[in-house]
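What's in model_28.csv: CSV, C-alpha atoms
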chain,number,residue,atom,x,y,z
A,297,MET,CA,5.4,-69.9,-217.9
A,298,HIS,CA,7.2,-73.1,-216.7
A,299,GLN,CA,6.0,-75.0,-213.7
A,300,ALA,CA,8.9,-74.6,-211.2
A,301,ALA,CA,10.4,-76.5,-208.3
A,302,LEU,CA,13.1,-75.4,-205.8
A,303,LEU,CA,16.0,-77.8,-205.3
A,304,VAL,CA,17.9,-77.5,-202.0
A,305,ILE,CA,20.9,-79.6,-202.6
A,306,ASP,CA,23.1,-81.2,-200.0
A,307,VAL,CA,22.3,-78.8,-197.1
A,308,GLN,CA,23.1,-81.6,-194.7
A,309,ASP,CA,25.0,-82.3,-191.5
A,310,SER,CA,27.7,-84.2,-193.4
A,311,PHE,CA,29.4,-80.9,-194.2
A,312,LEU,CA,29.7,-79.9,-190.6
A,313,GLN,CA,32.2,-82.8,-190.2
A,314,ARG,CA,34.5,-81.5,-192.9
A,315,ASP,CA,37.7,-79.7,-192.0
A,316,TYR,CA,37.0,-77.0,-194.6
A,317,TRP,CA,33.6,-76.1,-193.0
A,318,ASP,CA,33.3,-72.3,-192.5
A,319,GLU,CA,30.8,-71.4,-189.9
A,320,ALA,CA,31.1,-67.7,-190.8
A,321,ALA,CA,30.1,-68.3,-194.4
A,322,LEU,CA,27.0,-70.1,-193.2
A,323,LEU,CA,25.2,-67.0,-191.9
A,324,PRO,CA,24.7,-65.0,-195.2
A,325,PHE,CA,24.0,-68.3,-197.1
A,326,ARG,CA,21.4,-69.4,-194.5
A,327,ALA,CA,19.6,-66.0,-194.6
A,328,ARG,CA,19.4,-66.1,-198.4
A,329,LEU,CA,18.3,-69.7,-198.6
A,330,LEU,CA,15.6,-69.3,-196.0
A,331,ALA,CA,14.3,-66.3,-197.9
A,332,LEU,CA,14.2,-68.4,-201.1
A,333,ILE,CA,12.4,-71.3,-199.4
A,334,ALA,CA,9.8,-68.9,-197.8
A,335,GLY,CA,9.2,-67.2,-201.1
A,336,ALA,CA,8.9,-70.5,-203.0
A,337,ARG,CA,6.4,-71.7,-200.4
A,338,ALA,CA,4.4,-68.5,-200.6
A,339,ALA,CA,4.2,-68.9,-204.4
A,340,GLY,CA,3.1,-72.6,-204.1
A,341,VAL,CA,6.3,-73.9,-205.6
A,342,PRO,CA,7.4,-77.3,-204.3
A,343,VAL,CA,10.5,-77.3,-202.1
A,344,LEU,CA,12.6,-80.4,-202.6
A,345,TYR,CA,15.6,-81.4,-200.4
A,346,VAL,CA,18.3,-83.5,-202.1
A,347,LEU,CA,20.8,-85.3,-199.8
A,348,HIS,CA,24.1,-86.9,-200.8
A,349,GLU,CA,25.0,-90.3,-199.6
A,350,ASP,CA,28.1,-92.3,-200.5
A,351,GLY,CA,31.2,-94.2,-199.3
A,352,ASP,CA,32.6,-94.0,-195.8
A,353,GLY,CA,32.8,-91.0,-193.5
A,354,PRO,CA,30.2,-88.3,-192.9
A,355,PHE,CA,28.4,-88.9,-196.2
A,356,ALA,CA,27.8,-92.6,-195.5
A,357,ALA,CA,24.3,-93.7,-194.6
A,358,ALA,CA,25.5,-95.2,-191.4
A,359,SER,CA,27.2,-92.0,-190.2
A,360,GLY,CA,23.9,-90.4,-189.1
A,361,PHE,CA,24.9,-87.1,-190.8
A,362,VAL,CA,23.0,-87.6,-194.0
A,363,ARG,CA,20.1,-85.4,-192.8
A,364,PRO,CA,19.0,-81.8,-193.4
A,365,MET,CA,20.7,-79.2,-191.3
A,366,ASP,CA,18.5,-78.5,-188.3
A,367,TRP,CA,17.8,-74.9,-189.3
A,368,LEU,CA,16.0,-75.9,-192.6
A,369,PRO,CA,12.2,-75.9,-192.5
A,370,ALA,CA,11.1,-79.4,-191.6
A,371,ASN,CA,8.4,-79.7,-194.2
A,372,PRO,CA,9.9,-80.2,-197.7
A,373,ASP,CA,7.5,-81.5,-200.3
A,374,ALA,CA,9.9,-84.4,-200.8
A,375,ILE,CA,13.4,-85.6,-199.9
A,376,PHE,CA,15.6,-87.4,-202.4
A,377,ILE,CA,18.8,-89.3,-201.8
A,378,LYS,CA,21.5,-89.1,-204.5
A,379,HIS,CA,24.8,-91.1,-204.9
A,380,VAL,CA,26.4,-89.0,-207.7
A,381,HIS,CA,27.1,-85.3,-208.0
A,382,ASN,CA,23.9,-84.4,-209.9
A,383,ALA,CA,20.5,-84.6,-208.3
A,384,LEU,CA,18.6,-85.9,-211.3
A,385,LEU,CA,20.0,-89.3,-212.4
A,386,ASP,CA,19.8,-91.8,-209.6
A,387,SER,CA,17.7,-90.2,-206.9
A,388,GLY,CA,14.1,-90.6,-208.3
A,389,LEU,CA,13.9,-86.8,-208.7
A,390,GLN,CA,13.7,-86.7,-212.5
A,391,PRO,CA,10.6,-88.9,-212.7
A,392,TRP,CA,9.0,-87.0,-209.8
A,393,LEU,CA,9.4,-83.8,-211.7
A,394,ALA,CA,8.1,-85.3,-215.0
A,395,GLU,CA,5.0,-86.7,-213.3
A,396,ARG,CA,4.2,-83.1,-212.1
A,397,GLY,CA,5.0,-81.4,-215.4
A,398,ILE,CA,7.8,-79.4,-213.8
A,399,SER,CA,10.1,-77.9,-216.4
A,400,ARG,CA,11.9,-75.2,-214.5
A,401,LEU,CA,14.3,-75.6,-211.6
A,402,LEU,CA,15.6,-73.2,-209.1
A,403,VAL,CA,19.0,-74.5,-207.9
A,404,SER,CA,20.4,-73.8,-204.4
A,405,GLY,CA,22.5,-75.6,-201.9
A,406,ILE,CA,26.0,-76.8,-201.0
A,407,ARG,CA,28.6,-76.8,-202.9
A,408,THR,CA,28.3,-74.1,-205.5
A,409,GLU,CA,30.8,-75.6,-208.0
A,410,GLN,CA,30.2,-79.2,-207.3
A,411,CYS,CA,26.7,-80.7,-206.9
A,412,CYS,CA,24.8,-77.4,-207.6
A,413,GLU,CA,26.8,-76.7,-210.8
A,414,THR,CA,26.7,-80.4,-211.9
A,415,THR,CA,22.9,-80.6,-211.3
A,416,THR,CA,22.5,-77.3,-213.3
A,417,ARG,CA,24.4,-78.6,-216.3
A,418,VAL,CA,22.6,-82.0,-216.3
A,419,ALA,CA,19.2,-80.3,-215.9
A,420,SER,CA,19.9,-78.0,-218.8
A,421,ASP,CA,21.0,-80.9,-221.0
A,422,LEU,CA,17.7,-82.7,-220.0
A,423,GLY,CA,15.7,-79.7,-221.2
A,424,PHE,CA,14.9,-77.9,-217.9
A,425,ALA,CA,15.0,-74.2,-217.7
A,426,VAL,CA,17.3,-73.4,-214.8
A,427,ASP,CA,17.6,-70.5,-212.4
A,428,PHE,CA,20.9,-70.8,-210.6
A,429,VAL,CA,20.4,-68.8,-207.4
A,430,SER,CA,24.0,-68.2,-206.7
A,431,GLU,CA,23.6,-66.3,-203.4
A,432,ALA,CA,21.6,-69.2,-202.1
A,433,THR,CA,24.6,-71.6,-202.7
A,434,LEU,CA,27.6,-72.1,-200.4
A,435,THR,CA,31.1,-73.2,-201.1
A,436,PHE,CA,34.5,-73.1,-199.5
A,437,ALA,CA,38.0,-72.0,-200.4
A,438,MET,CA,40.0,-74.6,-202.5
A,439,ARG,CA,43.7,-75.0,-203.3
A,440,HIS,CA,44.6,-75.6,-206.9
A,441,PRO,CA,46.4,-79.0,-207.2
A,442,LEU,CA,49.1,-77.9,-209.5
A,443,SER,CA,49.8,-74.2,-208.8
A,444,GLY,CA,49.0,-74.3,-205.1
A,445,ARG,CA,47.0,-71.1,-205.5
A,446,LEU,CA,44.2,-70.8,-202.9
A,447,PHE,CA,40.9,-69.7,-204.6
A,448,SER,CA,38.4,-68.0,-202.3
A,449,ALA,CA,34.8,-69.1,-202.1
A,450,ASP,CA,33.9,-65.8,-203.8
A,451,GLU,CA,36.3,-66.6,-206.7
A,452,ILE,CA,34.8,-70.1,-207.1
A,453,ARG,CA,31.3,-68.7,-207.0
A,454,GLU,CA,32.2,-66.1,-209.6
A,455,LYS,CA,33.7,-68.7,-211.9
A,456,THR,CA,30.7,-70.9,-211.6
A,457,GLU,CA,28.4,-68.0,-212.5
A,458,LEU,CA,30.6,-67.3,-215.5
A,459,VAL,CA,30.6,-70.8,-217.0
A,460,LEU,CA,26.9,-71.4,-216.3
A,461,ALA,CA,25.4,-68.0,-217.4
A,462,GLY,CA,23.7,-68.0,-220.8
A,463,ARG,CA,24.7,-71.6,-221.5
A,464,PHE,CA,23.2,-73.7,-218.8
A,465,ALA,CA,21.2,-71.3,-216.6
A,466,ASP,CA,20.1,-67.8,-215.8
A,467,ILE,CA,22.2,-66.5,-212.8
A,468,VAL,CA,19.7,-64.8,-210.5
A,469,THR,CA,19.4,-63.4,-207.0
A,470,VAL,CA,16.8,-64.6,-204.6
A,471,GLU,CA,14.6,-61.7,-205.4
A,472,GLN,CA,14.9,-62.2,-209.1
A,473,ALA,CA,14.1,-65.9,-208.8
A,474,LEU,CA,11.0,-65.2,-206.7
A,475,ALA,CA,9.8,-62.5,-209.1
A,476,ARG,CA,9.9,-65.1,-211.9
A,477,LEU,CA,7.6,-67.5,-210.1

Spit out the file's structure as structure tokens when you get a sec.
Amino acid sequence: MHQAALLVIDVQDSFLQRDYWDEAALLPFRARLLALIAGARAAGVPVLYVLHEDGDGPFAAASGFVRPMDWLPANPDAIFIKHVHNALLDSGLQPWLAERGISRLLVSGIRTEQCCETTTRVASDLGFAVDFVSEATLTFAMRHPLSGRLFSADEIREKTELVLAGRFADIVTVEQALARL
């Protein structure tokens, strides 16, 4: 059995400032993420918040928006700040995990196909076992730059699950992730 930690990636106020923010999509994501956090806490698994900070705008340190969304529990075991898409390389997270013998990560957060997927791929390459808790991730519709086709958030999530499954992570529900703790 691997010692586990729950990563809650980029669930921060910066996203509320983006024109693609979808308040309706927040409700199911919020419910699933809060269930995952509560279950991890009950199992004694560290809950770690990772926030993204870079450049100008709502992700800049000076913006005041690089902070956990106010509905998240206020007591994470640690908070890490990253400046790249994956949570492991420049945030101090990787040594924190190594010091505690953590070898399994539960990945959740915002955006499914961006920082959550990138963290999953890097974690796998670094030797971590990864549970990608897809229903506890959130993303938004995106338009393809060449074809102009609009991909729904569900299509993007499905594609992410497809490319990660069996290669970089196990794709699990909240209940499956918690049953494995």

* Which residues come within 12 Å of Ala327 (chain A), counting only C-alpha atoms, excluding same-chain residues fewer than 2 positions away, as a list of chain:residue names? -> A:Ala321, A:Leu322, A:Leu323, A:Pro324, A:Phe325, A:Leu329, A:Leu330, A:Ala331, A:Leu332, A:Ile333, A:Ala334, A:Trp367, A:Leu368, A:Glu431, A:Ala432, A:Thr433, A:Leu434, A:Val470

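For region 340-344 of chain A, the non-local neighbours within 10 Å, defined as residues at least 5 positions apart in the same chain or in other chains and counting all atoms listed in the file, are A:Gln299, A:Ala300, A:Ala301, A:Leu302, A:Leu303, A:Val304, A:Ile305, A:Leu332, A:Ile333, A:Ala334, A:Gly335, A:Pro369, A:Asn371, A:Pro372, A:Asp373, A:Ala374, A:Ile375, A:Phe376, A:Leu389, A:Ile398, A:Leu402, A:Leu474, A:Leu477.
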
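The space separating CA of Asp421 (chain A) from CA of Glu454 (chain A) comes to 21.8 Å.
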
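Rounded to one decimal, CA of Arg453 (chain A) and CA of Arg439 (chain A) lie 14.4 Å from each other.
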
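Comparing the minimum interatomic distances between Phe355 (chain A) and each of A:Val307, A:Ala338, A:Ala370, A:Ala320, counting only C-alpha atoms, we find that A:Val307 sits nearest.
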
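Nearest residue to Asp450 (chain A) among A:Ser430, A:Ser399, A:Gln410, A:Thr469 is A:Ser430, counting only C-alpha atoms.
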
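Taking CA of Met365 (chain A) and CA of Ile406 (chain A) as endpoints, the distance between them is 11.3 Å.
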
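Distances here use all atoms listed in the file; by that measure, the residue among A:Thr435, A:Val346, A:Ala357, A:Gln313 closest to Gly388 (chain A) is A:Val346.
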
As AutoDock Vina command-line options, what would the box around region 368-385 of chain A look like: edges along x, y and z, 8 Å added on every side, centre and edge lengths in Å to one decimal?
--center_x 17.3 --center_y -83.5 --center_z -202.0 --size_x 35.6 --size_y 31.2 --size_z 36.8

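Here the question is which of A:Leu442, A:Val403, A:Cys412, A:Leu458 gets nearest to Val380 (chain A) using all atoms listed in the file, and that residue is A:Cys412.
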
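For the choices A:Phe447, A:Trp392, A:Phe311, A:Phe464, the atom-to-atom distance to Thr415 (chain A) is smallest for A:Phe464 when using all atoms listed in the file.
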